[in-house]
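Here's the structure, in structure tokens; my notes come after.
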Amino acid sequence: MEQEKEDSLKKAPIGVFDSGVGGLTVAREIMRQIPNESIIYFGDTARVPYGNKSKDTVTKFSKQIVRFLRTHDVKAIVVACNTASACALDELERESDIPIIGVVRPGARAATEVTRNGKIGVIATEATIGSQIYNQYIKKLKKNVTIYGKACPLFVPLVEEGLWQDPVTDEIAKRYLAELIDCGIDTLILGCTHYPLIRSTIGRIIGEEVTLVNPAYETARELRSMLKEAGLLNEEAPGLGANKYQFYVSDSAEKFKQFANSIIKYGILSAKTVNIEDY
Ligand code: DGL
């Protein structure tokens, strides 16, 4: 009986949420790195962006989403949004009796491991930069480092407009990254869900000697270890026909599907709209 309970817990899905479509860059890494896991994804497309909202508002939204995800009996939760990780993770962790992981700590850890000259740049939304959360985590892990933060608010709409390879994005990136280049950073954290999608533009402009850290990739790695340690890693692939990846949004499901299919090549067969204010 105990064994049966354990097995069914391992097969339970992982809840992943973001302010919108950006968290799909994290979901995509989870699909690649731990392919046996099922995912319930929620994108708060009606209330995006979180990046210019207050800590209280982002925390309230995040708690509603966690309540929604728990109705799907998820075994763990990934806060796939940097802004929500920065503003709400501590409180969500305190209230949660299941494992919960954000994207900031894994990104910070990786940056401390790769920097050689101790100069780390962080690009993110205004809320994430303002929270100083990357600085706090990095400083806890490594003493002699200097962190240079830069909010890049225009990157999110540029990515959502599909301008991934475009002279306009190049120009904006040049302006945003100029001061980080002057600071002589050797490591740059892509501290927002959308930035891995313009990684090649950012990499070209910041220079090849700067190592880019993708928190989405690092989070999937840490999630795997966390599940393994907790005895929750699903060792068997779900059977054929299992509804492995389910997507929910708070605004138009159709619009979400179009964008999502450009990020996730595994195919997003359907998405459903939920009224998140009910949770
Ligand atoms: N998902 C957000 C983040 O990673 C970016 C979009 C937003 O501002 O909501 O910070």
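Each chain in the structure tokens gets a letter, A, B, ..., in the order shown, and its residues are numbered from 1; ligands are numbered from 1 in order too.
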
Could you list the protein, DNA and RNA residues that have any atom within 9 Å of ligand 1, counting only C-alpha atoms and all ligand atoms, and write them as a PyMOL selection string? chain A and resi 18-23+44-45+47-53+80-86+103+124-128+153+156-157+191-195

Write out as a PDB file with N, CA and C atoms, in the first residue's frame which residues come within 9 Å of Glu37 in chain A when counting only C-alpha atoms, dropping same-chain ones fewer than 4 positions away.
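Output below, filename part15.pdb:
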```pdb
ATOM      1  N   LYS A  10       5.129   9.864  -7.279  1.00  0.00           N
ATOM      2  CA  LYS A  10       6.183  10.095  -8.272  1.00  0.00           C
ATOM      3  C   LYS A  10       5.595  10.452  -9.638  1.00  0.00           C
ATOM      4  N   LYS A  11       4.429   9.867  -9.907  1.00  0.00           N
ATOM      5  CA  LYS A  11       3.810  10.100 -11.227  1.00  0.00           C
ATOM      6  C   LYS A  11       3.045  11.425 -11.281  1.00  0.00           C
ATOM      7  N   ALA A  12       2.863  12.067 -10.142  1.00  0.00           N
ATOM      8  CA  ALA A  12       2.093  13.330 -10.122  1.00  0.00           C
ATOM      9  C   ALA A  12       2.834  14.397 -10.936  1.00  0.00           C
ATOM     10  N   PRO A  13       2.089  15.355 -11.492  1.00  0.00           N
ATOM     11  CA  PRO A  13       2.750  16.374 -12.321  1.00  0.00           C
ATOM     12  C   PRO A  13       3.488  17.428 -11.492  1.00  0.00           C
ATOM     13  N   ILE A  14       4.314  18.190 -12.194  1.00  0.00           N
ATOM     14  CA  ILE A  14       4.999  19.339 -11.590  1.00  0.00           C
ATOM     15  C   ILE A  14       4.222  20.587 -12.025  1.00  0.00           C
ATOM     16  N   ILE A  30      12.789  21.780 -18.620  1.00  0.00           N
ATOM     17  CA  ILE A  30      12.337  20.642 -17.804  1.00  0.00           C
ATOM     18  C   ILE A  30      11.990  19.478 -18.734  1.00  0.00           C
ATOM     19  N   MET A  31      11.300  19.779 -19.838  1.00  0.00           N
ATOM     20  CA  MET A  31      10.932  18.729 -20.802  1.00  0.00           C
ATOM     21  C   MET A  31      12.174  18.044 -21.365  1.00  0.00           C
ATOM     22  N   LEU A 233      11.319  11.735  -8.072  1.00  0.00           N
ATOM     23  CA  LEU A 233      11.631  11.692  -9.498  1.00  0.00           C
ATOM     24  C   LEU A 233      10.861  10.548 -10.167  1.00  0.00           C
ATOM     25  N   ASN A 234      10.211  10.841 -11.264  1.00  0.00           N
ATOM     26  CA  ASN A 234       9.447   9.814 -11.971  1.00  0.00           C
ATOM     27  C   ASN A 234      10.381   8.987 -12.856  1.00  0.00           C
ATOM     28  N   GLU A 235      10.561   7.739 -12.514  1.00  0.00           N
ATOM     29  CA  GLU A 235      11.524   6.929 -13.266  1.00  0.00           C
ATOM     30  C   GLU A 235      10.936   6.329 -14.546  1.00  0.00           C
ATOM     31  N   GLU A 236       9.609   6.338 -14.622  1.00  0.00           N
ATOM     32  CA  GLU A 236       8.981   5.729 -15.811  1.00  0.00           C
ATOM     33  C   GLU A 236       8.347   6.800 -16.682  1.00  0.00           C
ATOM     34  N   ALA A 237       8.456   6.619 -17.998  1.00  0.00           N
ATOM     35  CA  ALA A 237       7.793   7.560 -18.898  1.00  0.00           C
ATOM     36  C   ALA A 237       6.281   7.346 -18.807  1.00  0.00           C
ATOM     37  N   PRO A 238       5.484   8.418 -18.818  1.00  0.00           N
ATOM     38  CA  PRO A 238       4.040   8.223 -18.783  1.00  0.00           C
ATOM     39  C   PRO A 238       3.581   7.447 -20.018  1.00  0.00           C
ATOM     40  N   LYS A 244       0.410  14.544 -20.952  1.00  0.00           N
ATOM     41  CA  LYS A 244       1.655  14.827 -20.236  1.00  0.00           C
ATOM     42  C   LYS A 244       1.863  16.306 -19.936  1.00  0.00           C
ATOM     43  N   TYR A 245       1.576  17.136 -20.915  1.00  0.00           N
ATOM     44  CA  TYR A 245       1.787  18.573 -20.718  1.00  0.00           C
ATOM     45  C   TYR A 245       0.463  19.305 -20.863  1.00  0.00           C
TER      46      TYR A 245
END
```

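Restricting the calculation to only C-alpha atoms, the smallest distance between Ser270 in chain A and any of A:Ala253, A:Leu158, A:Ala111, A:Met226 is found for A:Ala253.
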
Write out as a ChimeraX atom specification the set of residues from range 41-162 of chain A that DSSP, computed on the backbone, places in strand (DSSP E). /A:41-43,76-79,100-102,119-124,146-151

Export of prior selection with C-alpha atoms as a PDB file, in the first residue's frame:
```
ATOM      1  CA  TYR A  41       1.768  25.044 -16.786  1.00  0.00           C
ATOM      2  CA  PHE A  42      -0.025  28.231 -15.832  1.00  0.00           C
ATOM      3  CA  GLY A  43       0.695  31.541 -17.610  1.00  0.00           C
ATOM      4  CA  ALA A  76       6.295  20.185  -6.647  1.00  0.00           C
ATOM      5  CA  ILE A  77       6.105  23.759  -7.920  1.00  0.00           C
ATOM      6  CA  VAL A  78       8.499  25.711 -10.122  1.00  0.00           C
ATOM      7  CA  VAL A  79       8.202  29.482  -9.970  1.00  0.00           C
ATOM      8  CA  ILE A 100       9.038  24.639  -4.389  1.00  0.00           C
ATOM      9  CA  ILE A 101      11.866  26.112  -6.440  1.00  0.00           C
ATOM     10  CA  GLY A 102      12.391  29.491  -8.103  1.00  0.00           C
ATOM     11  CA  LYS A 119      32.398  40.807 -11.919  1.00  0.00           C
ATOM     12  CA  ILE A 120      28.883  39.538 -12.587  1.00  0.00           C
ATOM     13  CA  GLY A 121      26.206  41.350 -14.570  1.00  0.00           C
ATOM     14  CA  VAL A 122      22.476  40.723 -14.098  1.00  0.00           C
ATOM     15  CA  ILE A 123      19.855  41.835 -16.600  1.00  0.00           C
ATOM     16  CA  ALA A 124      16.197  41.501 -15.608  1.00  0.00           C
ATOM     17  CA  THR A 146      30.787  42.765  -7.560  1.00  0.00           C
ATOM     18  CA  ILE A 147      27.343  42.614  -9.110  1.00  0.00           C
ATOM     19  CA  TYR A 148      26.142  45.045 -11.733  1.00  0.00           C
ATOM     20  CA  GLY A 149      22.370  45.045 -12.289  1.00  0.00           C
ATOM     21  CA  LYS A 150      20.601  46.552 -15.270  1.00  0.00           C
ATOM     22  CA  ALA A 151      16.844  46.603 -15.871  1.00  0.00           C
TER      23      ALA A 151
END
```

Please return, as a PyMOL selection string, all residues of range 34-247 of chain A that DSSP assigns to alpha helix (DSSP H) on the basis of the backbone. chain A and resi 55-70+82-95+104-114+126-131+133-141+155-160+167-183+199-206+215-229

Residues within 10 Å of Leu154 in chain A, only C-alpha atoms, excluding chain neighbours under 5 positions, as JSON, numbers by chain: {"A": [125, 159, 169, 172, 173, 176]}

Please list as a CSV table (one decimal) with N, CA, C and O atoms, in the first residue's frame every residue within 9 Å of Gly107 in chain A, counting only C-alpha atoms and excluding residues in the same chain fewer than 2 positions away.
```csv
chain,number,residue,atom,x,y,z
A,103,VAL,N,13.6,30.5,-10.0
A,103,VAL,CA,14.7,30.5,-11.0
A,103,VAL,C,15.9,31.3,-10.6
A,103,VAL,O,17.0,31.2,-11.2
A,104,VAL,N,15.8,32.1,-9.5
A,104,VAL,CA,16.8,33.1,-9.2
A,104,VAL,C,18.0,32.4,-8.5
A,104,VAL,O,19.2,32.6,-8.9
A,105,ARG,N,17.7,31.5,-7.5
A,105,ARG,CA,18.8,30.9,-6.8
A,105,ARG,C,19.7,30.0,-7.7
A,105,ARG,O,20.9,30.1,-7.7
A,109,ARG,N,23.7,30.7,-8.4
A,109,ARG,CA,24.7,29.7,-8.0
A,109,ARG,C,25.6,29.5,-9.3
A,109,ARG,O,26.8,29.5,-9.1
A,110,ALA,N,25.0,29.3,-10.4
A,110,ALA,CA,25.8,29.0,-11.6
A,110,ALA,C,26.7,30.2,-11.9
A,110,ALA,O,27.9,30.0,-12.3
A,111,ALA,N,26.3,31.4,-11.7
A,111,ALA,CA,27.1,32.6,-12.0
A,111,ALA,C,28.4,32.6,-11.1
A,111,ALA,O,29.5,32.9,-11.5
A,112,THR,N,28.2,32.2,-9.8
A,112,THR,CA,29.3,32.2,-8.9
A,112,THR,C,30.3,31.1,-9.3
A,112,THR,O,31.5,31.2,-9.0
A,134,TYR,N,19.2,38.9,-6.7
A,134,TYR,CA,20.4,38.2,-7.3
A,134,TYR,C,21.6,38.5,-6.5
A,134,TYR,O,22.4,37.7,-6.1
A,189,ILE,N,24.0,37.1,-16.2
A,189,ILE,CA,22.9,36.3,-15.9
A,189,ILE,C,21.7,36.8,-16.7
A,189,ILE,O,21.3,38.0,-16.6
A,190,LEU,N,21.0,36.0,-17.5
A,190,LEU,CA,19.8,36.3,-18.2
A,190,LEU,C,18.7,36.2,-17.3
A,190,LEU,O,18.0,35.2,-17.3
A,191,GLY,N,18.5,37.2,-16.4
A,191,GLY,CA,17.6,37.1,-15.3
A,191,GLY,C,16.1,37.4,-15.6
A,191,GLY,O,15.4,37.9,-14.7
A,213,VAL,N,24.7,33.1,-18.4
A,213,VAL,CA,24.1,32.1,-17.5
A,213,VAL,C,22.6,32.1,-17.8
A,213,VAL,O,21.9,33.2,-17.7
A,214,ASN,N,22.0,31.0,-18.1
A,214,ASN,CA,20.6,30.9,-18.3
A,214,ASN,C,19.9,30.2,-17.1
A,214,ASN,O,20.0,29.0,-17.0
A,215,PRO,N,19.2,31.0,-16.3
A,215,PRO,CA,18.6,30.4,-15.1
A,215,PRO,C,17.6,29.3,-15.4
A,215,PRO,O,17.4,28.4,-14.6
A,216,ALA,N,17.0,29.3,-16.6
A,216,ALA,CA,16.0,28.3,-16.9
A,216,ALA,C,16.7,26.9,-17.0
A,216,ALA,O,16.2,25.9,-16.4
A,217,TYR,N,17.9,26.9,-17.6
A,217,TYR,CA,18.6,25.6,-17.7
A,217,TYR,C,19.1,25.2,-16.3
A,217,TYR,O,18.9,24.0,-15.9
A,218,GLU,N,19.6,26.1,-15.5
A,218,GLU,CA,20.1,25.8,-14.2
A,218,GLU,C,18.9,25.3,-13.3
A,218,GLU,O,19.1,24.4,-12.4
A,219,THR,N,17.7,25.9,-13.4
A,219,THR,CA,16.6,25.5,-12.6
A,219,THR,C,16.2,24.1,-12.9
A,219,THR,O,15.9,23.3,-12.0
```

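Considering only C-alpha atoms, the residue among A:Gln165, A:Lys139, A:Val16, A:Ser62 positioned nearest to Val74 in chain A is A:Val16.
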
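Note that CA of Gln258 in chain A and CA of Gly162 in chain A are 11.3 Å apart.
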
Min atom-atom distance to Arg116 in chain A from the set A:Lys272, A:Arg94, A:Lys142, A:Arg32, counting only C-alpha atoms, belongs to A:Lys142

For Phe68 in chain A, please output as a PyMOL selection string all residues within 10 Å (counting only C-alpha atoms; exclusion window: fewer than 3 positions along the same chain). chain A and resi 15+42+62-65+71-73+274-279

Measuring between only C-alpha atoms, which one of A:Ile39, A:Leu9, A:Glu229, A:Ser54 shows the shortest distance to Ala27 in chain A? A:Ile39

Shell around Glu95 in chain A at 12 Å using only C-alpha atoms, local window under 5 positions removed, as a list in words: Lys63, Val66, Arg67, Ala88, Leu89, Asp90 and Ile100 of chain A

Got time to write the residues from that selection, C-alpha atoms, as a compact mmCIF listing (two decimals), in the first residue's frame?
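Result went into again.txt, see below:
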```txt
# COMPACT_ATOMS: atom_id res chain seq x y z
CA LYS A 63 -0.43 32.72 -4.17
CA VAL A 66 -0.23 28.15 -6.37
CA ARG A 67 -3.77 27.49 -5.08
CA ALA A 88 7.17 35.97 -3.63
CA LEU A 89 9.33 32.85 -3.29
CA ASP A 90 10.19 33.30 0.40
CA ILE A 100 9.04 24.64 -4.39
```

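Nearest residue to Cys87 in chain A among A:Ile263, A:Val58, A:Leu177, A:Ala46 is A:Val58, counting only C-alpha atoms.
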
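The shortest atom-to-atom distance to Ser252 in chain A, with only C-alpha atoms taken into account, belongs to A:Ala271 out of A:Ala271, A:Lys265, A:Thr59, A:Ser200.
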
Contacts of Ile205 in chain A within 12 Å, only C-alpha atoms, excl. fewer than 4 positions in-chain, as an mmCIF file with N, CA and C atoms, in the first residue's frame:
```
data_model
loop_
_atom_site.group_PDB
_atom_site.id
_atom_site.type_symbol
_atom_site.label_atom_id
_atom_site.label_comp_id
_atom_site.auth_asym_id
_atom_site.auth_seq_id
_atom_site.Cartn_x
_atom_site.Cartn_y
_atom_site.Cartn_z
ATOM 1 N N THR A 169 16.014 45.382 -32.010
ATOM 2 C CA THR A 169 16.457 44.689 -30.792
ATOM 3 C C THR A 169 17.962 44.869 -30.599
ATOM 4 N N ASP A 170 18.717 44.835 -31.711
ATOM 5 C CA ASP A 170 20.172 45.065 -31.633
ATOM 6 C C ASP A 170 20.464 46.425 -31.017
ATOM 7 N N GLU A 171 19.749 47.439 -31.512
ATOM 8 C CA GLU A 171 19.991 48.810 -31.066
ATOM 9 C C GLU A 171 19.685 48.973 -29.570
ATOM 10 N N ILE A 172 18.542 48.417 -29.153
ATOM 11 C CA ILE A 172 18.154 48.515 -27.731
ATOM 12 C C ILE A 172 19.174 47.760 -26.873
ATOM 13 N N ALA A 173 19.584 46.586 -27.347
ATOM 14 C CA ALA A 173 20.549 45.785 -26.581
ATOM 15 C C ALA A 173 21.866 46.543 -26.429
ATOM 16 N N LYS A 174 22.299 47.227 -27.490
ATOM 17 C CA LYS A 174 23.549 47.998 -27.420
ATOM 18 C C LYS A 174 23.453 49.046 -26.317
ATOM 19 N N ARG A 175 22.305 49.724 -26.263
ATOM 20 C CA ARG A 175 22.139 50.776 -25.240
ATOM 21 C C ARG A 175 22.125 50.187 -23.835
ATOM 22 N N TYR A 176 21.355 49.104 -23.658
ATOM 23 C CA TYR A 176 21.251 48.516 -22.323
ATOM 24 C C TYR A 176 22.590 47.945 -21.847
ATOM 25 N N LEU A 177 23.310 47.318 -22.760
ATOM 26 C CA LEU A 177 24.482 46.543 -22.329
ATOM 27 C C LEU A 177 25.772 47.367 -22.257
ATOM 28 N N ALA A 178 25.726 48.610 -22.819
ATOM 29 C CA ALA A 178 26.956 49.427 -22.884
ATOM 30 C C ALA A 178 27.617 49.568 -21.515
ATOM 31 N N GLU A 179 26.816 49.889 -20.487
ATOM 32 C CA GLU A 179 27.446 50.136 -19.179
ATOM 33 C C GLU A 179 28.000 48.852 -18.563
ATOM 34 N N LEU A 180 27.385 47.707 -18.883
ATOM 35 C CA LEU A 180 27.912 46.439 -18.350
ATOM 36 C C LEU A 180 29.236 46.092 -19.036
ATOM 37 N N ILE A 181 29.323 46.441 -20.323
ATOM 38 C CA ILE A 181 30.583 46.209 -21.049
ATOM 39 C C ILE A 181 31.684 47.063 -20.403
ATOM 40 N N LEU A 188 27.278 37.023 -17.332
ATOM 41 C CA LEU A 188 26.019 37.781 -17.395
ATOM 42 C C LEU A 188 24.846 36.833 -17.189
ATOM 43 N N ILE A 198 16.517 35.732 -26.890
ATOM 44 C CA ILE A 198 17.365 36.655 -27.676
ATOM 45 C C ILE A 198 18.826 36.510 -27.231
ATOM 46 N N ARG A 199 19.131 35.317 -26.814
ATOM 47 C CA ARG A 199 20.471 35.002 -26.321
ATOM 48 C C ARG A 199 21.560 35.318 -27.357
ATOM 49 N N SER A 200 21.285 35.001 -28.623
ATOM 50 C CA SER A 200 22.349 35.206 -29.609
ATOM 51 C C SER A 200 22.616 36.696 -29.799
ATOM 52 N N THR A 201 21.571 37.522 -29.772
ATOM 53 C CA THR A 201 21.762 38.982 -29.890
ATOM 54 C C THR A 201 22.557 39.489 -28.688
ATOM 55 N N GLU A 209 33.701 36.847 -24.804
ATOM 56 C CA GLU A 209 34.478 36.540 -23.583
ATOM 57 C C GLU A 209 33.579 36.537 -22.342
ATOM 58 N N VAL A 210 32.329 36.988 -22.505
ATOM 59 C CA VAL A 210 31.401 37.000 -21.362
ATOM 60 C C VAL A 210 30.548 35.723 -21.398
ATOM 61 N N LEU A 212 27.360 33.620 -20.650
ATOM 62 C CA LEU A 212 25.944 33.870 -20.359
ATOM 63 C C LEU A 212 25.400 32.741 -19.495
#
```
